[in-house]
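target_32.csv, holding CSV, N, CA and C atoms:
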chain,number,residue,atom,x,y,z
A,158,MET,N,47.1,-40.6,40.1
A,158,MET,CA,46.9,-39.5,39.3
A,158,MET,C,46.8,-38.2,40.2
A,159,ARG,N,46.0,-38.3,41.3
A,159,ARG,CA,45.9,-37.2,42.2
A,159,ARG,C,47.2,-36.8,42.8
A,160,ALA,N,48.0,-37.8,43.0
A,160,ALA,CA,49.3,-37.5,43.6
A,160,ALA,C,50.2,-36.7,42.7
A,161,LEU,N,50.1,-37.0,41.4
A,161,LEU,CA,50.8,-36.2,40.4
A,161,LEU,C,50.3,-34.8,40.3
A,162,LEU,N,49.0,-34.6,40.3
A,162,LEU,CA,48.5,-33.3,40.3
A,162,LEU,C,48.8,-32.5,41.5
A,163,LEU,N,48.8,-33.2,42.7
A,163,LEU,CA,49.2,-32.5,43.9
A,163,LEU,C,50.7,-32.1,43.9
A,164,ALA,N,51.5,-33.0,43.4
A,164,ALA,CA,52.9,-32.7,43.3
A,164,ALA,C,53.2,-31.5,42.3
A,165,ALA,N,52.4,-31.5,41.2
A,165,ALA,CA,52.6,-30.4,40.3
A,165,ALA,C,52.1,-29.1,40.9
A,166,ALA,N,51.0,-29.1,41.7
A,166,ALA,CA,50.6,-27.9,42.3
A,166,ALA,C,51.6,-27.5,43.4
A,167,GLY,N,52.1,-28.4,44.1
A,167,GLY,CA,53.1,-28.1,45.1
A,167,GLY,C,54.4,-27.5,44.5
A,168,ALA,N,54.8,-28.0,43.4
A,168,ALA,CA,55.9,-27.5,42.7
A,168,ALA,C,55.7,-26.1,42.2
A,169,ALA,N,54.5,-25.8,41.8
A,169,ALA,CA,54.1,-24.4,41.3
A,169,ALA,C,54.2,-23.5,42.5
A,170,LEU,N,53.7,-23.9,43.6
A,170,LEU,CA,53.7,-23.0,44.8
A,170,LEU,C,55.1,-22.8,45.3
A,171,LEU,N,55.9,-23.9,45.4
A,171,LEU,CA,57.3,-23.8,45.8
A,171,LEU,C,58.1,-23.0,44.8
A,172,GLY,N,57.8,-23.2,43.6
A,172,GLY,CA,58.6,-22.5,42.5
A,172,GLY,C,58.3,-21.1,42.4
A,173,GLY,N,57.1,-20.6,42.9
A,173,GLY,CA,56.8,-19.2,42.9
A,173,GLY,C,57.8,-18.5,43.8
A,174,CYS,N,58.3,-17.4,43.4
A,174,CYS,CA,59.3,-16.7,44.2
A,174,CYS,C,58.8,-15.4,44.7
A,175,TYR,N,59.3,-15.0,45.8
A,175,TYR,CA,58.9,-13.7,46.4
A,175,TYR,C,59.9,-12.7,45.9
A,176,ASN,N,59.5,-11.9,45.0
A,176,ASN,CA,60.3,-10.9,44.3
A,176,ASN,C,60.4,-9.7,45.3
A,177,ARG,N,61.5,-9.5,45.9
A,177,ARG,CA,61.6,-8.4,46.9
A,177,ARG,C,62.0,-7.1,46.2
A,178,ALA,N,62.2,-7.2,44.9
A,178,ALA,CA,62.6,-6.0,44.1
A,178,ALA,C,63.8,-5.3,44.8
A,179,THR,N,64.9,-6.0,45.0
A,179,THR,CA,66.0,-5.5,45.7
A,179,THR,C,66.6,-4.3,45.1
A,180,GLU,N,66.6,-4.2,43.8
A,180,GLU,CA,67.1,-3.0,43.2
A,180,GLU,C,66.2,-1.8,43.5
A,181,LEU,N,64.9,-2.0,43.6
A,181,LEU,CA,64.0,-0.8,44.0
A,181,LEU,C,64.1,-0.5,45.5
A,182,ALA,N,64.4,-1.5,46.3
A,182,ALA,CA,64.6,-1.3,47.7
A,182,ALA,C,65.8,-0.4,47.9
A,183,GLU,N,66.9,-0.7,47.2
A,183,GLU,CA,68.1,0.1,47.2
A,183,GLU,C,67.8,1.5,46.7
A,184,LEU,N,67.1,1.6,45.6
A,184,LEU,CA,66.7,2.9,45.1
A,184,LEU,C,65.9,3.8,46.1
A,185,THR,N,65.1,3.1,46.9
A,185,THR,CA,64.4,3.8,47.9
A,185,THR,C,65.3,4.3,49.0
A,186,ARG,N,66.3,3.5,49.3
A,186,ARG,CA,67.3,4.0,50.4
A,186,ARG,C,68.2,5.1,49.9
A,187,GLN,N,68.7,5.0,48.6
A,187,GLN,CA,69.6,6.0,48.1
A,187,GLN,C,69.2,6.3,46.7
A,188,HIS,N,68.9,7.6,46.5
A,188,HIS,CA,68.6,8.0,45.1
A,188,HIS,C,68.9,9.5,44.9
A,189,ALA,N,69.1,9.8,43.6
A,189,ALA,CA,69.3,11.2,43.2
A,189,ALA,C,68.2,11.4,42.2
A,190,THR,N,68.0,12.7,41.8
A,190,THR,CA,67.0,13.0,40.8
A,190,THR,C,67.6,13.7,39.6
A,191,ALA,N,67.0,13.5,38.5
A,191,ALA,CA,67.4,14.2,37.2
A,191,ALA,C,66.1,14.6,36.5
A,192,PRO,N,66.2,15.7,35.7
A,192,PRO,CA,65.1,16.1,35.0
A,192,PRO,C,64.9,15.2,33.7
A,193,GLY,N,63.7,14.9,33.5
A,193,GLY,CA,63.4,14.1,32.3
A,193,GLY,C,62.1,14.6,31.6
A,194,HIS,N,61.7,13.9,30.6
A,194,HIS,CA,60.5,14.4,29.9
A,194,HIS,C,59.8,13.2,29.2
A,195,VAL,N,58.5,13.3,29.0
A,195,VAL,CA,57.7,12.3,28.4
A,195,VAL,C,58.0,12.2,26.9
A,196,VAL,N,58.3,11.0,26.4
A,196,VAL,CA,58.6,10.9,25.0
A,196,VAL,C,57.6,10.0,24.2
A,197,VAL,N,56.8,9.2,24.9
A,197,VAL,CA,55.8,8.3,24.2
A,197,VAL,C,54.6,8.2,25.1
A,198,LEU,N,53.5,8.3,24.6
A,198,LEU,CA,52.2,8.1,25.3
A,198,LEU,C,51.5,6.9,24.7
A,199,GLU,N,51.1,5.9,25.4
A,199,GLU,CA,50.2,4.9,24.9
A,199,GLU,C,49.1,4.6,26.0
A,200,CYS,N,48.3,5.6,26.2
A,200,CYS,CA,47.3,5.5,27.2
A,200,CYS,C,46.2,4.5,26.8
A,201,HIS,N,46.0,4.2,25.6
A,201,HIS,CA,45.1,3.2,25.1
A,201,HIS,C,45.6,1.8,25.4
A,202,ASN,N,46.8,1.7,25.6
A,202,ASN,CA,47.4,0.4,25.9
A,202,ASN,C,47.8,0.2,27.4
A,203,ALA,N,46.7,0.1,28.2
A,203,ALA,CA,46.9,-0.2,29.6
A,203,ALA,C,47.6,1.0,30.3
A,204,GLY,N,47.5,2.2,29.8
A,204,GLY,CA,48.0,3.4,30.4
A,204,GLY,C,49.5,3.4,30.6
A,205,GLN,N,50.2,3.2,29.5
A,205,GLN,CA,51.7,3.2,29.6
A,205,GLN,C,52.3,4.5,28.9
A,206,TRP,N,53.3,5.0,29.5
A,206,TRP,CA,54.1,6.1,28.9
A,206,TRP,C,55.5,5.9,29.2
A,207,TRP,N,56.3,6.5,28.3
A,207,TRP,CA,57.8,6.4,28.4
A,207,TRP,C,58.4,7.7,28.7
A,208,TYR,N,59.5,7.7,29.4
A,208,TYR,CA,60.2,9.0,29.8
A,208,TYR,C,61.6,8.8,29.3
A,209,GLU,N,62.3,9.9,29.2
A,209,GLU,CA,63.7,9.9,28.8
A,209,GLU,C,64.5,10.9,29.6
A,210,PHE,N,65.7,10.6,29.9
A,210,PHE,CA,66.5,11.6,30.6
A,210,PHE,C,68.0,11.4,30.3
A,211,GLU,N,68.8,12.3,30.5
A,211,GLU,CA,70.2,12.2,30.2
A,211,GLU,C,71.0,12.2,31.5
A,212,LEU,N,72.0,11.3,31.6
A,212,LEU,CA,72.9,11.2,32.8
A,212,LEU,C,74.2,10.8,32.3
A,213,ASP,N,75.2,11.5,32.7
A,213,ASP,CA,76.6,11.2,32.3
A,213,ASP,C,76.8,11.1,30.8
A,214,GLY,N,76.1,12.0,30.1
A,214,GLY,CA,76.2,12.0,28.6
A,214,GLY,C,75.5,10.8,28.0
A,215,LYS,N,74.8,10.0,28.7
A,215,LYS,CA,74.1,8.9,28.1
A,215,LYS,C,72.6,9.1,28.2
A,216,ARG,N,71.9,8.9,27.2
A,216,ARG,CA,70.4,9.0,27.2
A,216,ARG,C,69.8,7.7,27.6
A,217,ARG,N,68.9,7.8,28.6
A,217,ARG,CA,68.3,6.7,29.2
A,217,ARG,C,66.8,6.8,29.1
A,218,ARG,N,66.1,5.7,29.0
A,218,ARG,CA,64.6,5.7,28.8
A,218,ARG,C,64.0,4.6,29.7
A,219,GLY,N,62.8,4.9,30.2
A,219,GLY,CA,62.1,4.0,31.0
A,219,GLY,C,60.6,4.1,30.8
A,220,ARG,N,59.9,3.1,31.2
A,220,ARG,CA,58.4,2.9,31.0
A,220,ARG,C,57.7,3.0,32.3
A,221,VAL,N,56.5,3.7,32.3
A,221,VAL,CA,55.7,3.8,33.5
A,221,VAL,C,54.3,3.2,33.1
A,222,HIS,N,53.8,2.3,34.0
A,222,HIS,CA,52.5,1.8,33.9
A,222,HIS,C,51.6,2.6,34.8
A,223,GLU,N,50.8,3.5,34.3
A,223,GLU,CA,49.9,4.4,35.1
A,223,GLU,C,48.6,4.6,34.4
A,224,PRO,N,47.7,3.6,34.5
A,224,PRO,CA,46.4,3.7,33.9
A,224,PRO,C,45.6,4.9,34.3
A,225,SER,N,45.6,5.3,35.6
A,225,SER,CA,44.8,6.4,36.1
A,225,SER,C,45.3,7.7,35.7
A,226,GLY,N,46.6,7.9,35.5
A,226,GLY,CA,47.2,9.2,35.3
A,226,GLY,C,47.8,9.4,33.9
A,227,CYS,N,47.7,8.4,33.0
A,227,CYS,CA,48.3,8.5,31.7
A,227,CYS,C,47.7,9.6,30.9
A,228,ALA,N,46.4,9.7,30.9
A,228,ALA,CA,45.7,10.7,30.1
A,228,ALA,C,46.0,12.2,30.4
A,229,GLN,N,46.5,12.4,31.6
A,229,GLN,CA,46.9,13.7,32.0
A,229,GLN,C,48.3,14.1,31.6
A,230,ARG,N,49.1,13.1,31.1
A,230,ARG,CA,50.4,13.4,30.6
A,230,ARG,C,50.4,14.0,29.2
A,231,LYS,N,51.4,14.8,28.9
A,231,LYS,CA,51.6,15.4,27.6
A,231,LYS,C,53.0,15.1,27.1
A,232,LEU,N,53.1,14.9,25.8
A,232,LEU,CA,54.4,14.7,25.2
A,232,LEU,C,55.3,15.9,25.5
A,233,GLY,N,56.5,15.6,25.9
A,233,GLY,CA,57.5,16.7,26.2
A,233,GLY,C,57.4,17.3,27.6
A,234,ALA,N,56.3,16.9,28.3
A,234,ALA,CA,56.2,17.4,29.7
A,234,ALA,C,57.3,16.9,30.6
A,235,GLY,N,57.7,17.8,31.5
A,235,GLY,CA,58.8,17.4,32.4
A,235,GLY,C,58.4,16.4,33.4
A,236,VAL,N,59.3,15.5,33.8
A,236,VAL,CA,59.1,14.6,34.9
A,236,VAL,C,60.4,14.5,35.7
A,237,THR,N,60.2,14.2,37.0
A,237,THR,CA,61.4,14.0,37.8
A,237,THR,C,61.7,12.5,37.8
A,238,VAL,N,63.0,12.2,37.5
A,238,VAL,CA,63.4,10.8,37.4
A,238,VAL,C,64.3,10.5,38.6
A,239,TYR,N,64.0,9.4,39.3
A,239,TYR,CA,64.8,9.0,40.4
A,239,TYR,C,65.7,7.9,40.0
A,240,TYR,N,67.0,8.0,40.3
A,240,TYR,CA,67.9,7.0,39.9
A,240,TYR,C,68.9,6.7,41.0
A,241,ASN,N,69.5,5.5,40.9
A,241,ASN,CA,70.5,5.1,41.9
A,241,ASN,C,71.8,5.5,41.4
A,242,PRO,N,72.5,6.4,42.1
A,242,PRO,CA,73.8,6.9,41.7
A,242,PRO,C,74.9,5.8,41.5
A,243,ALA,N,74.7,4.7,42.4
A,243,ALA,CA,75.7,3.6,42.3
A,243,ALA,C,75.3,2.7,41.1
A,244,ALA,N,74.1,2.7,40.7
A,244,ALA,CA,73.6,1.8,39.6
A,244,ALA,C,72.6,2.6,38.7
A,245,PRO,N,73.1,3.5,37.9
A,245,PRO,CA,72.2,4.5,37.1
A,245,PRO,C,71.2,3.8,36.2
A,246,ASP,N,71.4,2.5,35.9
A,246,ASP,CA,70.4,1.8,35.1
A,246,ASP,C,69.1,1.5,35.8
A,247,VAL,N,69.2,1.7,37.1
A,247,VAL,CA,68.0,1.5,37.9
A,247,VAL,C,67.4,2.9,38.1
A,248,HIS,N,66.2,3.1,37.4
A,248,HIS,CA,65.6,4.5,37.5
A,248,HIS,C,64.1,4.3,37.3
A,249,ARG,N,63.4,5.2,37.9
A,249,ARG,CA,61.9,5.3,37.8
A,249,ARG,C,61.5,6.7,37.7
A,250,ALA,N,60.3,7.0,37.1
A,250,ALA,CA,59.8,8.3,37.0
A,250,ALA,C,58.6,8.5,38.0
A,251,VAL,N,58.6,7.6,39.0
A,251,VAL,CA,57.6,7.7,40.1
A,251,VAL,C,58.5,7.6,41.4
A,252,ALA,N,58.0,8.1,42.5
A,252,ALA,CA,58.7,8.0,43.7
A,252,ALA,C,59.2,6.6,44.0
A,253,PRO,N,60.4,6.4,44.4
A,253,PRO,CA,60.9,5.1,44.7
A,253,PRO,C,60.1,4.2,45.6
A,254,ALA,N,59.5,4.8,46.6
A,254,ALA,CA,58.7,4.0,47.5
A,254,ALA,C,57.5,3.4,46.8
A,255,ARG,N,56.9,4.3,46.0
A,255,ARG,CA,55.7,3.8,45.2
A,255,ARG,C,56.1,2.8,44.2
A,256,ALA,N,57.2,2.9,43.5
A,256,ALA,CA,57.7,2.0,42.6
A,256,ALA,C,57.9,0.6,43.2
A,257,TYR,N,58.5,0.6,44.4
A,257,TYR,CA,58.7,-0.6,45.2
A,257,TYR,C,57.4,-1.3,45.5
A,258,GLU,N,56.4,-0.5,46.0
A,258,GLU,CA,55.1,-1.1,46.3
A,258,GLU,C,54.5,-1.7,45.1
A,259,GLN,N,54.6,-1.1,43.9
A,259,GLN,CA,54.0,-1.6,42.7
A,259,GLN,C,54.7,-2.9,42.2
A,260,GLU,N,56.0,-3.0,42.4
A,260,GLU,CA,56.8,-4.1,41.7
A,260,GLU,C,57.2,-5.3,42.6
A,261,HIS,N,57.1,-5.2,43.9
A,261,HIS,CA,57.5,-6.4,44.7
A,261,HIS,C,56.3,-7.3,44.9
A,262,GLY,N,56.6,-8.5,45.3
A,262,GLY,CA,55.5,-9.4,45.6
A,262,GLY,C,55.8,-10.8,45.1
A,263,PHE,N,54.8,-11.6,45.1
A,263,PHE,CA,54.9,-13.0,44.7
A,263,PHE,C,54.7,-13.2,43.2
A,264,TYR,N,55.5,-13.9,42.5
A,264,TYR,CA,55.4,-14.1,41.1
A,264,TYR,C,55.9,-15.5,40.7
A,265,MET,N,55.4,-15.9,39.6
A,265,MET,CA,55.9,-17.2,39.0
A,265,MET,C,57.0,-16.9,38.1
A,266,PRO,N,58.2,-17.5,38.3
A,266,PRO,CA,59.3,-17.2,37.4
A,266,PRO,C,59.0,-17.8,36.0
A,267,LEU,N,59.6,-17.3,35.0
A,267,LEU,CA,59.4,-17.7,33.7
A,267,LEU,C,59.8,-19.1,33.5
A,268,TRP,N,60.9,-19.6,34.1
A,268,TRP,CA,61.3,-21.0,33.9
A,268,TRP,C,60.3,-22.0,34.4
A,269,LEU,N,59.5,-21.6,35.4
A,269,LEU,CA,58.5,-22.5,35.9
A,269,LEU,C,57.3,-22.6,34.9
A,270,TRP,N,56.9,-21.6,34.3
A,270,TRP,CA,55.9,-21.7,33.3
A,270,TRP,C,56.3,-22.6,32.2
A,271,PHE,N,57.5,-22.5,31.7
A,271,PHE,CA,58.0,-23.5,30.7
A,271,PHE,C,58.1,-24.9,31.2
A,272,GLY,N,58.5,-25.0,32.5
A,272,GLY,CA,58.6,-26.3,33.1
A,272,GLY,C,57.2,-27.0,33.2
A,273,LEU,N,56.2,-26.2,33.6
A,273,LEU,CA,54.9,-26.8,33.7
A,273,LEU,C,54.4,-27.2,32.3
A,274,GLY,N,54.7,-26.4,31.3
A,274,GLY,CA,54.3,-26.7,29.9
A,274,GLY,C,55.0,-28.0,29.4
A,275,ALA,N,56.2,-28.1,29.8
A,275,ALA,CA,57.0,-29.3,29.4
A,275,ALA,C,56.5,-30.6,30.1
A,276,LEU,N,55.9,-30.4,31.3
A,276,LEU,CA,55.4,-31.6,32.0
A,276,LEU,C,54.0,-31.9,31.5
A,277,ALA,N,53.3,-31.0,30.9
A,277,ALA,CA,51.9,-31.2,30.5
A,277,ALA,C,51.8,-32.3,29.4
A,278,LEU,N,52.7,-32.2,28.4
A,278,LEU,CA,52.6,-33.1,27.3
A,278,LEU,C,52.9,-34.5,27.7
A,279,PRO,N,54.0,-34.8,28.4
A,279,PRO,CA,54.2,-36.2,28.8
A,279,PRO,C,53.1,-36.7,29.7
A,280,LEU,N,52.6,-35.8,30.6
A,280,LEU,CA,51.6,-36.3,31.5
A,280,LEU,C,50.3,-36.6,30.8
A,281,SER,N,49.9,-35.8,29.8
A,281,SER,CA,48.7,-36.1,29.1
A,281,SER,C,48.9,-37.4,28.3
A,282,ALA,N,50.0,-37.6,27.7
A,282,ALA,CA,50.3,-38.8,27.0
A,282,ALA,C,50.2,-40.0,27.9
A,283,TRP,N,50.8,-39.9,29.1
A,283,TRP,CA,50.8,-41.0,30.1
A,283,TRP,C,49.3,-41.3,30.5
A,284,MET,N,48.5,-40.3,30.7
A,284,MET,CA,47.1,-40.5,31.1
A,284,MET,C,46.4,-41.2,29.9
A,285,ALA,N,46.6,-40.8,28.7
A,285,ALA,CA,45.9,-41.4,27.6
A,285,ALA,C,46.3,-42.9,27.4
A,286,LEU,N,47.6,-43.2,27.6
A,286,LEU,CA,48.0,-44.6,27.6
A,286,LEU,C,47.4,-45.4,28.7
A,287,LYS,N,47.3,-44.8,29.9
A,287,LYS,CA,46.7,-45.5,31.0
A,287,LYS,C,45.2,-45.8,30.8
A,288,ARG,N,44.5,-44.8,30.2
A,288,ARG,CA,43.1,-45.0,29.9
A,288,ARG,C,42.9,-46.1,28.8
A,289,GLY,N,43.8,-46.0,27.8
A,289,GLY,CA,43.8,-47.0,26.7
A,289,GLY,C,44.0,-48.4,27.2
A,290,SER,N,44.9,-48.6,28.2
A,290,SER,CA,45.2,-49.9,28.7
A,290,SER,C,44.0,-50.5,29.6
A,291,LYS,N,43.1,-49.7,30.0
A,291,LYS,CA,42.0,-50.2,30.8
A,291,LYS,C,40.9,-50.7,30.0
A,292,ARG,N,40.9,-50.5,28.7
A,292,ARG,CA,39.8,-50.9,27.8
A,292,ARG,C,40.0,-52.3,27.4

As structure tokens - that is how I would like this structure written.
Amino acid sequence: MRALLLAAAGAALLGGCYNRATELAELTRQHATAPGHVVVLECHNAGQWWYEFELDGKRRRGRVHEPSGCAQRKLGAGVTVYYNPAAPDVHRAVAPARAYEQEHGFYMPLWLWFGLGALALPLSAWMALKRGSKR
């Protein structure tokens, strides 16, 4: 039993990925700026706000998680948007280096959460059967 739990814990650790946020690393190396503005404020919801800007005739939108600074934002207020000219879908309304610091790191991929959940049911059934056979 312990071996199975240790194997599951090892799989979780090995399955965790180091997200280097390569898109943001590239944005830090090369970026351009565009004027944008605040379009939605949800400061009560963990300090989130949305910005919008136009580039190449296409309107783009992004979200910023900023609990400490959200209350100072005003609808329609101007913001500087940093975007990657080679990949304009990669953009942030905070300095690229700061965005990279906030978003890179160790995380559990979504498939692993589902995998652990899928293992939990058969494992619990197996344990119940094993306990039942000892009686």

Can you tell me, as a PDB file with N, CA and C atoms, keeping the file's coordinate frame, which residues sit within 7 Å of (57.9, 4.7, 32.5) in the file's frame, using all atoms listed in the file?
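The file below, point.pdb, is the result:
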ATOM      1  N   GLN A 205      50.200   3.200  29.500  1.00  0.00           N
ATOM      2  CA  GLN A 205      51.700   3.200  29.600  1.00  0.00           C
ATOM      3  C   GLN A 205      52.300   4.500  28.900  1.00  0.00           C
ATOM      4  N   TRP A 206      53.300   5.000  29.500  1.00  0.00           N
ATOM      5  CA  TRP A 206      54.100   6.100  28.900  1.00  0.00           C
ATOM      6  C   TRP A 206      55.500   5.900  29.200  1.00  0.00           C
ATOM      7  N   TRP A 207      56.300   6.500  28.300  1.00  0.00           N
ATOM      8  CA  TRP A 207      57.800   6.400  28.400  1.00  0.00           C
ATOM      9  C   TRP A 207      58.400   7.700  28.700  1.00  0.00           C
ATOM     10  N   TYR A 208      59.500   7.700  29.400  1.00  0.00           N
ATOM     11  CA  TYR A 208      60.200   9.000  29.800  1.00  0.00           C
ATOM     12  C   TYR A 208      61.600   8.800  29.300  1.00  0.00           C
ATOM     13  N   ARG A 218      66.100   5.700  29.000  1.00  0.00           N
ATOM     14  CA  ARG A 218      64.600   5.700  28.800  1.00  0.00           C
ATOM     15  C   ARG A 218      64.000   4.600  29.700  1.00  0.00           C
ATOM     16  N   GLY A 219      62.800   4.900  30.200  1.00  0.00           N
ATOM     17  CA  GLY A 219      62.100   4.000  31.000  1.00  0.00           C
ATOM     18  C   GLY A 219      60.600   4.100  30.800  1.00  0.00           C
ATOM     19  N   ARG A 220      59.900   3.100  31.200  1.00  0.00           N
ATOM     20  CA  ARG A 220      58.400   2.900  31.000  1.00  0.00           C
ATOM     21  C   ARG A 220      57.700   3.000  32.300  1.00  0.00           C
ATOM     22  N   VAL A 221      56.500   3.700  32.300  1.00  0.00           N
ATOM     23  CA  VAL A 221      55.700   3.800  33.500  1.00  0.00           C
ATOM     24  C   VAL A 221      54.300   3.200  33.100  1.00  0.00           C
ATOM     25  N   HIS A 222      53.800   2.300  34.000  1.00  0.00           N
ATOM     26  CA  HIS A 222      52.500   1.800  33.900  1.00  0.00           C
ATOM     27  C   HIS A 222      51.600   2.600  34.800  1.00  0.00           C
ATOM     28  N   ARG A 249      63.400   5.200  37.900  1.00  0.00           N
ATOM     29  CA  ARG A 249      61.900   5.300  37.800  1.00  0.00           C
ATOM     30  C   ARG A 249      61.500   6.700  37.700  1.00  0.00           C
ATOM     31  N   ALA A 250      60.300   7.000  37.100  1.00  0.00           N
ATOM     32  CA  ALA A 250      59.800   8.300  37.000  1.00  0.00           C
ATOM     33  C   ALA A 250      58.600   8.500  38.000  1.00  0.00           C
TER      34      ALA A 250
END

**Complete:** Correct to one decimal, the distance atom C of Phe271 (chain A)-atom N of Ala285 (chain A) is 19.8 Å

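Atom pair atom N of Arg230 (chain A) / atom C of His261 (chain A): separated by 25.7 Å.
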
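Here CA of Glu199 (chain A) is placed at a distance of 26.2 Å from CA of Leu184 (chain A).
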
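Nearest residue to Glu209 (chain A) among A:Asn241, A:Leu280, A:His248, A:Leu286 is A:His248, counting only C-alpha atoms.
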
**Message:** Run DSSP on the backbone and tell me which residues of region 212-290 of chain A come out as alpha helix (DSSP H); list them as a ChimeraX atom specification.
**Reply:** /A:253-260,267-290

What would region 181-196 of chain A look like with N, CA, C and O atoms in place, written as a PDB file, in the coordinates of the input?
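The result, written out as rebuild_32.pdb:
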ATOM      1  N   LEU A 181      64.900  -2.000  43.600  1.00  0.00           N
ATOM      2  CA  LEU A 181      64.000  -0.800  44.000  1.00  0.00           C
ATOM      3  C   LEU A 181      64.100  -0.500  45.500  1.00  0.00           C
ATOM      4  O   LEU A 181      63.993   0.636  45.871  1.00  0.00           O
ATOM      5  N   ALA A 182      64.400  -1.500  46.300  1.00  0.00           N
ATOM      6  CA  ALA A 182      64.600  -1.300  47.700  1.00  0.00           C
ATOM      7  C   ALA A 182      65.800  -0.400  47.900  1.00  0.00           C
ATOM      8  O   ALA A 182      65.813   0.533  48.698  1.00  0.00           O
ATOM      9  N   GLU A 183      66.900  -0.700  47.200  1.00  0.00           N
ATOM     10  CA  GLU A 183      68.100   0.100  47.200  1.00  0.00           C
ATOM     11  C   GLU A 183      67.800   1.500  46.700  1.00  0.00           C
ATOM     12  O   GLU A 183      68.333   2.477  47.218  1.00  0.00           O
ATOM     13  N   LEU A 184      67.100   1.600  45.600  1.00  0.00           N
ATOM     14  CA  LEU A 184      66.700   2.900  45.100  1.00  0.00           C
ATOM     15  C   LEU A 184      65.900   3.800  46.100  1.00  0.00           C
ATOM     16  O   LEU A 184      66.137   4.961  46.204  1.00  0.00           O
ATOM     17  N   THR A 185      65.100   3.100  46.900  1.00  0.00           N
ATOM     18  CA  THR A 185      64.400   3.800  47.900  1.00  0.00           C
ATOM     19  C   THR A 185      65.300   4.300  49.000  1.00  0.00           C
ATOM     20  O   THR A 185      65.131   5.435  49.484  1.00  0.00           O
ATOM     21  N   ARG A 186      66.300   3.500  49.300  1.00  0.00           N
ATOM     22  CA  ARG A 186      67.300   4.000  50.400  1.00  0.00           C
ATOM     23  C   ARG A 186      68.200   5.100  49.900  1.00  0.00           C
ATOM     24  O   ARG A 186      68.532   5.987  50.616  1.00  0.00           O
ATOM     25  N   GLN A 187      68.700   5.000  48.600  1.00  0.00           N
ATOM     26  CA  GLN A 187      69.600   6.000  48.100  1.00  0.00           C
ATOM     27  C   GLN A 187      69.200   6.300  46.700  1.00  0.00           C
ATOM     28  O   GLN A 187      69.199   5.461  45.848  1.00  0.00           O
ATOM     29  N   HIS A 188      68.900   7.600  46.500  1.00  0.00           N
ATOM     30  CA  HIS A 188      68.600   8.000  45.100  1.00  0.00           C
ATOM     31  C   HIS A 188      68.900   9.500  44.900  1.00  0.00           C
ATOM     32  O   HIS A 188      69.072  10.220  45.833  1.00  0.00           O
ATOM     33  N   ALA A 189      69.100   9.800  43.600  1.00  0.00           N
ATOM     34  CA  ALA A 189      69.300  11.200  43.200  1.00  0.00           C
ATOM     35  C   ALA A 189      68.200  11.400  42.200  1.00  0.00           C
ATOM     36  O   ALA A 189      67.506  10.486  41.722  1.00  0.00           O
ATOM     37  N   THR A 190      68.000  12.700  41.800  1.00  0.00           N
ATOM     38  CA  THR A 190      67.000  13.000  40.800  1.00  0.00           C
ATOM     39  C   THR A 190      67.600  13.700  39.600  1.00  0.00           C
ATOM     40  O   THR A 190      68.703  14.265  39.700  1.00  0.00           O
ATOM     41  N   ALA A 191      67.000  13.500  38.500  1.00  0.00           N
ATOM     42  CA  ALA A 191      67.400  14.200  37.200  1.00  0.00           C
ATOM     43  C   ALA A 191      66.100  14.600  36.500  1.00  0.00           C
ATOM     44  O   ALA A 191      65.078  13.992  36.629  1.00  0.00           O
ATOM     45  N   PRO A 192      66.200  15.700  35.700  1.00  0.00           N
ATOM     46  CA  PRO A 192      65.100  16.100  35.000  1.00  0.00           C
ATOM     47  C   PRO A 192      64.900  15.200  33.700  1.00  0.00           C
ATOM     48  O   PRO A 192      65.865  14.845  33.078  1.00  0.00           O
ATOM     49  N   GLY A 193      63.700  14.900  33.500  1.00  0.00           N
ATOM     50  CA  GLY A 193      63.400  14.100  32.300  1.00  0.00           C
ATOM     51  C   GLY A 193      62.100  14.600  31.600  1.00  0.00           C
ATOM     52  O   GLY A 193      61.572  15.619  32.044  1.00  0.00           O
ATOM     53  N   HIS A 194      61.700  13.900  30.600  1.00  0.00           N
ATOM     54  CA  HIS A 194      60.500  14.400  29.900  1.00  0.00           C
ATOM     55  C   HIS A 194      59.800  13.200  29.200  1.00  0.00           C
ATOM     56  O   HIS A 194      60.401  12.143  28.988  1.00  0.00           O
ATOM     57  N   VAL A 195      58.500  13.300  29.000  1.00  0.00           N
ATOM     58  CA  VAL A 195      57.700  12.300  28.400  1.00  0.00           C
ATOM     59  C   VAL A 195      58.000  12.200  26.900  1.00  0.00           C
ATOM     60  O   VAL A 195      57.943  13.239  26.236  1.00  0.00           O
ATOM     61  N   VAL A 196      58.300  11.000  26.400  1.00  0.00           N
ATOM     62  CA  VAL A 196      58.600  10.900  25.000  1.00  0.00           C
ATOM     63  C   VAL A 196      57.600  10.000  24.200  1.00  0.00           C
ATOM     64  O   VAL A 196      57.472  10.183  23.012  1.00  0.00           O
TER      65      VAL A 196
END
